[in-house]
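A.B. asks: Would you mind keeping the following structure in view while I ask a few things?
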Amino acid sequence: MTPLTLVIIISAYLLGSISSAVLVCRIFRLPDPRNAGSHNPGATNVLRVGGKKAAVIVLLCDMLKGMIPVWGSYFLGIEPFLLGIIAIAACLGHIYPIFFHFKGGKGVATALGAIAPIGLDLTGFIIATWLATIVISRYSSLAALVTVLLTPFYTWMVKPHYTLPVAMLCCLIVFRHQENIKRLFNGTEPKVGEKESSQ
């Protein structure tokens with residue numbers, strides 16, 4: 001690993017540590033997403049506590065946190081495995097942000113942003129899977145889980161040499177959703193649009 005790659009990995013973590021949800025809610029004078037709704041500083045909870053406009057801004061910002069370091073590294077010629085490490089660093093920053101007491105979101109949007117540079121076809125498969133699952137189930141967490149479980153397979157079909165780093169990233173997202181998985185099995189997971197704070 002070169003010094004440049006190490007700097008990029010650290011920078012990706014620091015960029016990921018900027019909590020879009022908290023900052024957007026402050027700008028719009030909305031409740032702190034860490035203390036309202038599901039207490040998760042992510043786009044889905046911002047949708048619950050602040051509406052569509054704020055949620056879309058958070059979603060786009062969270063995606064950019066993963067896209068910028070990975071895409072920049074791709075153009076610098078960094079190998080696929082290390083691109084995966086950079087993507088994981090950005091997601092770890094989102095999940096465990098150093099600037100916000102290590103209490104972050106689930107990393108789904110940041111992961112999507114990190115994977116998007118691989119190709120529009122792969123991104124299309126991912127978005128279509130997420131949309132189909134959330135329309136059918138109305139569970140944001142289930143949509144995320146189904147999507148990340150299928151994403152390594154999609155990657156293998158589109159660009160096989162990225163399968164391992166993408167699979168590593170997806171494992172991190174599944175790990176972050178373990179509480180959601182328990183609630184899905186227990187039937188206590190709130191659906192999109194519900195106001196319960198049990199998430």
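If you're wondering about the labels, chains in the structure tokens are A, B, ... by order shown, residues count from 1 in each chain, ligands from 1 in order shown.
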Counting only C-alpha atoms, which residues in region 89-171 of chain A sit no more than 10 Å from region 48-67 of chain A? For each one, give the nearest pair of atoms and the distance in Å, sorted by chain then residue number, as a tab-separated table.
C.D. replies:
residue	atom	partner	partner_atom	distance
A:Ala89	CA	A:Gly66	CA	8.9
A:Ala90	CA	A:Gly66	CA	5.6
A:Cys91	CA	A:Gly66	CA	7.0
A:Gly93	CA	A:Lys65	CA	9.2
A:His94	CA	A:Asp62	CA	8.1
A:Gly105	CA	A:Asp62	CA	9.8
A:Gly107	CA	A:Asp62	CA	8.2
A:Val108	CA	A:Met63	CA	8.5
A:Ala109	CA	A:Met63	CA	5.0
A:Thr110	CA	A:Met63	CA	4.4
A:Ala111	CA	A:Gly66	CA	6.1
A:Leu112	CA	A:Met63	CA	6.3
A:Gly113	CA	A:Met63	CA	4.1
A:Ala114	CA	A:Gly66	CA	4.2
A:Ile115	CA	A:Met67	CA	7.4
A:Ala116	CA	A:Met67	CA	6.9
A:Pro117	CA	A:Met67	CA	6.9
A.B. asks: Create the file for the chosen residues now, containing C-alpha atoms and written as an mmCIF file, in the first residue's frame.
C.D. replies:
data_model
loop_
_atom_site.group_PDB
_atom_site.id
_atom_site.type_symbol
_atom_site.label_atom_id
_atom_site.label_comp_id
_atom_site.auth_asym_id
_atom_site.auth_seq_id
_atom_site.Cartn_x
_atom_site.Cartn_y
_atom_site.Cartn_z
ATOM 1 C CA ALA A 89 -13.360 3.483 5.297
ATOM 2 C CA ALA A 90 -15.981 5.978 4.065
ATOM 3 C CA CYS A 91 -18.790 3.783 5.396
ATOM 4 C CA GLY A 93 -16.802 7.057 8.969
ATOM 5 C CA HIS A 94 -20.546 7.311 8.407
ATOM 6 C CA GLY A 105 -26.073 5.830 10.561
ATOM 7 C CA GLY A 107 -24.087 3.317 5.847
ATOM 8 C CA VAL A 108 -26.469 2.246 3.061
ATOM 9 C CA ALA A 109 -26.450 5.476 1.034
ATOM 10 C CA THR A 110 -22.686 5.894 1.487
ATOM 11 C CA ALA A 111 -22.153 2.321 0.291
ATOM 12 C CA LEU A 112 -24.343 2.944 -2.748
ATOM 13 C CA GLY A 113 -22.322 6.043 -3.563
ATOM 14 C CA ALA A 114 -19.107 4.041 -3.245
ATOM 15 C CA ILE A 115 -20.390 1.287 -5.534
ATOM 16 C CA ALA A 116 -21.922 3.616 -8.140
ATOM 17 C CA PRO A 117 -18.595 4.398 -9.922
#
A.B. asks: What lies within 10 Å of Val158 (chain A) using only C-alpha atoms, ignoring chain neighbours under 6 positions off, as number ranges by chain?
C.D. replies: A: 118-119, 121-122, 152
A.B. asks: If you keep N, CA and C atoms, can you produce a file of those selected residues as a compact mmCIF listing (two decimals), in the first residue's frame?
C.D. replies:
# COMPACT_ATOMS: atom_id res chain seq x y z
N ILE A 118 -18.62 1.96 -10.21
CA ILE A 118 -18.33 0.73 -10.94
C ILE A 118 -19.07 0.72 -12.27
N GLY A 119 -20.28 1.28 -12.30
CA GLY A 119 -21.01 1.32 -13.56
C GLY A 119 -22.48 1.65 -13.38
N ASP A 121 -24.95 0.35 -15.02
CA ASP A 121 -25.76 -0.86 -15.07
C ASP A 121 -25.89 -1.48 -13.68
N LEU A 122 -24.77 -1.55 -12.95
CA LEU A 122 -24.81 -2.09 -11.59
C LEU A 122 -25.65 -1.20 -10.68
N PRO A 152 -23.41 -8.24 -4.44
CA PRO A 152 -22.22 -8.97 -4.90
C PRO A 152 -22.50 -9.83 -6.14
A.B. asks: Set the distance at 10 Å and use only C-alpha atoms: which residues neighbour Ile98 (chain A) once local chain neighbours fewer than 3 positions away are removed? I'd like the list as a PyMOL selection string.
C.D. replies: chain A and resi 13-14+16-19+92-95+101-104
A.B. asks: Dump N, CA, C and O atoms for the selected residues as a CSV table (one decimal), in the first residue's frame?
C.D. replies:
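Wrote part.csv, looks like this:
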chain,number,residue,atom,x,y,z
A,13,TYR,N,-12.4,8.1,5.5
A,13,TYR,CA,-13.0,8.0,6.8
A,13,TYR,C,-13.5,9.3,7.4
A,13,TYR,O,-14.6,9.5,7.9
A,14,LEU,N,-12.6,10.3,7.3
A,14,LEU,CA,-12.9,11.7,7.8
A,14,LEU,C,-14.1,12.3,7.0
A,14,LEU,O,-15.0,12.9,7.6
A,16,GLY,N,-16.4,10.6,5.5
A,16,GLY,CA,-17.6,9.8,5.9
A,16,GLY,C,-18.1,10.2,7.3
A,16,GLY,O,-19.3,10.1,7.6
A,17,SER,N,-17.2,10.8,8.1
A,17,SER,CA,-17.6,11.1,9.5
A,17,SER,C,-18.4,12.4,9.6
A,17,SER,O,-18.9,12.8,10.6
A,18,ILE,N,-18.5,13.1,8.5
A,18,ILE,CA,-19.4,14.3,8.4
A,18,ILE,C,-20.8,13.9,8.4
A,18,ILE,O,-21.3,13.4,7.3
A,19,SER,N,-21.6,14.1,9.4
A,19,SER,CA,-23.0,13.6,9.5
A,19,SER,C,-23.9,14.5,8.7
A,19,SER,O,-24.3,15.6,9.2
A,92,LEU,N,-17.3,3.3,7.3
A,92,LEU,CA,-17.0,3.3,8.7
A,92,LEU,C,-17.1,4.7,9.3
A,92,LEU,O,-17.5,4.9,10.5
A,93,GLY,N,-16.7,5.7,8.5
A,93,GLY,CA,-16.8,7.1,9.0
A,93,GLY,C,-18.2,7.4,9.2
A,93,GLY,O,-18.6,8.1,10.2
A,94,HIS,N,-19.1,7.0,8.3
A,94,HIS,CA,-20.5,7.3,8.4
A,94,HIS,C,-21.1,6.6,9.6
A,94,HIS,O,-22.0,7.2,10.4
A,95,ILE,N,-20.7,5.3,9.8
A,95,ILE,CA,-21.3,4.5,10.9
A,95,ILE,C,-20.7,4.9,12.3
A,95,ILE,O,-21.4,5.0,13.3
A,101,HIS,N,-19.1,11.8,18.0
A,101,HIS,CA,-19.1,10.9,19.1
A,101,HIS,C,-19.3,9.4,18.7
A,101,HIS,O,-19.8,8.6,19.5
A,102,PHE,N,-18.9,9.1,17.5
A,102,PHE,CA,-18.9,7.7,16.9
A,102,PHE,C,-20.3,7.1,16.9
A,102,PHE,O,-20.5,5.9,16.9
A,103,LYS,N,-21.3,8.0,16.8
A,103,LYS,CA,-22.7,7.5,16.7
A,103,LYS,C,-23.3,8.0,15.4
A,103,LYS,O,-23.7,9.1,15.2
A,104,GLY,N,-23.3,7.0,14.4
A,104,GLY,CA,-23.7,7.4,13.1
A,104,GLY,C,-24.8,6.5,12.5
A,104,GLY,O,-25.5,5.8,13.3
A.B. asks: Write out as a list in words which residues come within 8 Å of Ile88 (chain A) when counting only C-alpha atoms, dropping same-chain ones fewer than 5 positions away.
C.D. replies: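 Returned residues: Ala111, Met168, Leu169 and Leu172 of chain A.
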A.B. asks: Please report, as a PyMOL selection string, each residue of region 11-102 of chain A to which DSSP assigns alpha helix (DSSP H) when run on this structure's backbone.
C.D. replies: chain A and resi 11-16+20-27+43-50+52-75+80-95
A.B. asks: Counting only C-alpha atoms, which residue out of A:Ile173, A:Lys182, A:Pro69, A:Ile134 sits closest to Leu15 (chain A)?
C.D. replies: A:Pro69
A.B. asks: Got a sec: who's within 9 Å of Tyr154 (chain A), counting only C-alpha atoms, leaving out chain neighbours fewer than 6 positions off, as a compact mmCIF listing (two decimals) with N, CA, C and O atoms, in the first residue's frame?
C.D. replies:
# COMPACT_ATOMS: atom_id res chain seq x y z
N LEU A 122 -24.77 -1.55 -12.95
CA LEU A 122 -24.81 -2.09 -11.59
C LEU A 122 -25.65 -1.20 -10.68
O LEU A 122 -26.47 -1.70 -9.90
N PHE A 125 -29.30 -1.87 -11.28
CA PHE A 125 -29.76 -3.10 -10.63
C PHE A 125 -30.02 -2.87 -9.14
O PHE A 125 -31.03 -3.33 -8.58
N ILE A 126 -29.08 -2.16 -8.50
CA ILE A 126 -29.19 -1.92 -7.06
C ILE A 126 -30.42 -1.07 -6.73
O ILE A 126 -31.21 -1.41 -5.84
N PRO A 160 -16.70 -8.70 -12.66
CA PRO A 160 -16.34 -9.72 -11.66
C PRO A 160 -15.17 -9.35 -10.76
O PRO A 160 -15.14 -9.74 -9.59
N THR A 163 -15.99 -8.00 -7.33
CA THR A 163 -16.91 -8.76 -6.49
C THR A 163 -16.44 -8.83 -5.04
O THR A 163 -17.24 -8.63 -4.11
A.B. asks: Kindly indicate which residue among A:Ile8, A:Leu76, A:Val192, A:Ala167 lies nearest to Thr133 (chain A), using only C-alpha atoms for the distances.
C.D. replies: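 Result for the nearest residue to Thr133 (chain A): A:Val192.
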A.B. asks: Using only C-alpha atoms, which residue out of A:Leu82, A:Val22, A:Ala128, A:Leu145 lies closest to Leu184 (chain A)?
C.D. replies: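 Of A:Leu82, A:Val22, A:Ala128, A:Leu145, the one nearest Leu184 (chain A) is A:Leu145, counting only C-alpha atoms.
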A.B. asks: Can you tell me which residues surround Tyr162 (chain A) at a distance of at most 7 Å, considering only C-alpha atoms, apart from same-chain residues fewer than 4 positions away, and format the answer as a PDB file with N, CA and C atoms, in the first residue's frame?
C.D. replies:
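Output below, filename selection_5.pdb:
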ATOM      1  N   PRO A  80      -8.637  -2.623  -7.495  1.00  0.00           N
ATOM      2  CA  PRO A  80      -9.998  -2.872  -6.986  1.00  0.00           C
ATOM      3  C   PRO A  80     -10.070  -3.209  -5.506  1.00  0.00           C
ATOM      4  N   THR A 155     -22.626  -7.543  -9.067  1.00  0.00           N
ATOM      5  CA  THR A 155     -21.266  -7.116  -9.397  1.00  0.00           C
ATOM      6  C   THR A 155     -20.533  -8.201 -10.165  1.00  0.00           C
ATOM      7  N   VAL A 166     -16.739  -5.442  -3.106  1.00  0.00           N
ATOM      8  CA  VAL A 166     -18.164  -5.124  -2.931  1.00  0.00           C
ATOM      9  C   VAL A 166     -18.780  -6.031  -1.876  1.00  0.00           C
TER      10      VAL A 166
END
A.B. asks: Point out the residue among A:Asn45, A:Ser141, A:Ser73, A:Thr188 with the least atom-to-atom distance to Arg176 (chain A), counting only C-alpha atoms.
C.D. replies: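 Of the candidates, the smallest distance to Arg176 (chain A) is held by A:Ser141.
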A.B. asks: Of the candidates A:Arg34, A:His39, A:His177, A:Arg29, which shows the shortest atom-to-atom distance to Ser140 (chain A), using only C-alpha atoms?
C.D. replies: A:His177
A.B. asks: Would you mind telling me which residue in A:Pro3, A:Ser20, A:Phe175, A:Val135 lies nearest to Pro97 (chain A) when using only C-alpha atoms?
C.D. replies: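 The closest residue to Pro97 (chain A) is A:Ser20.
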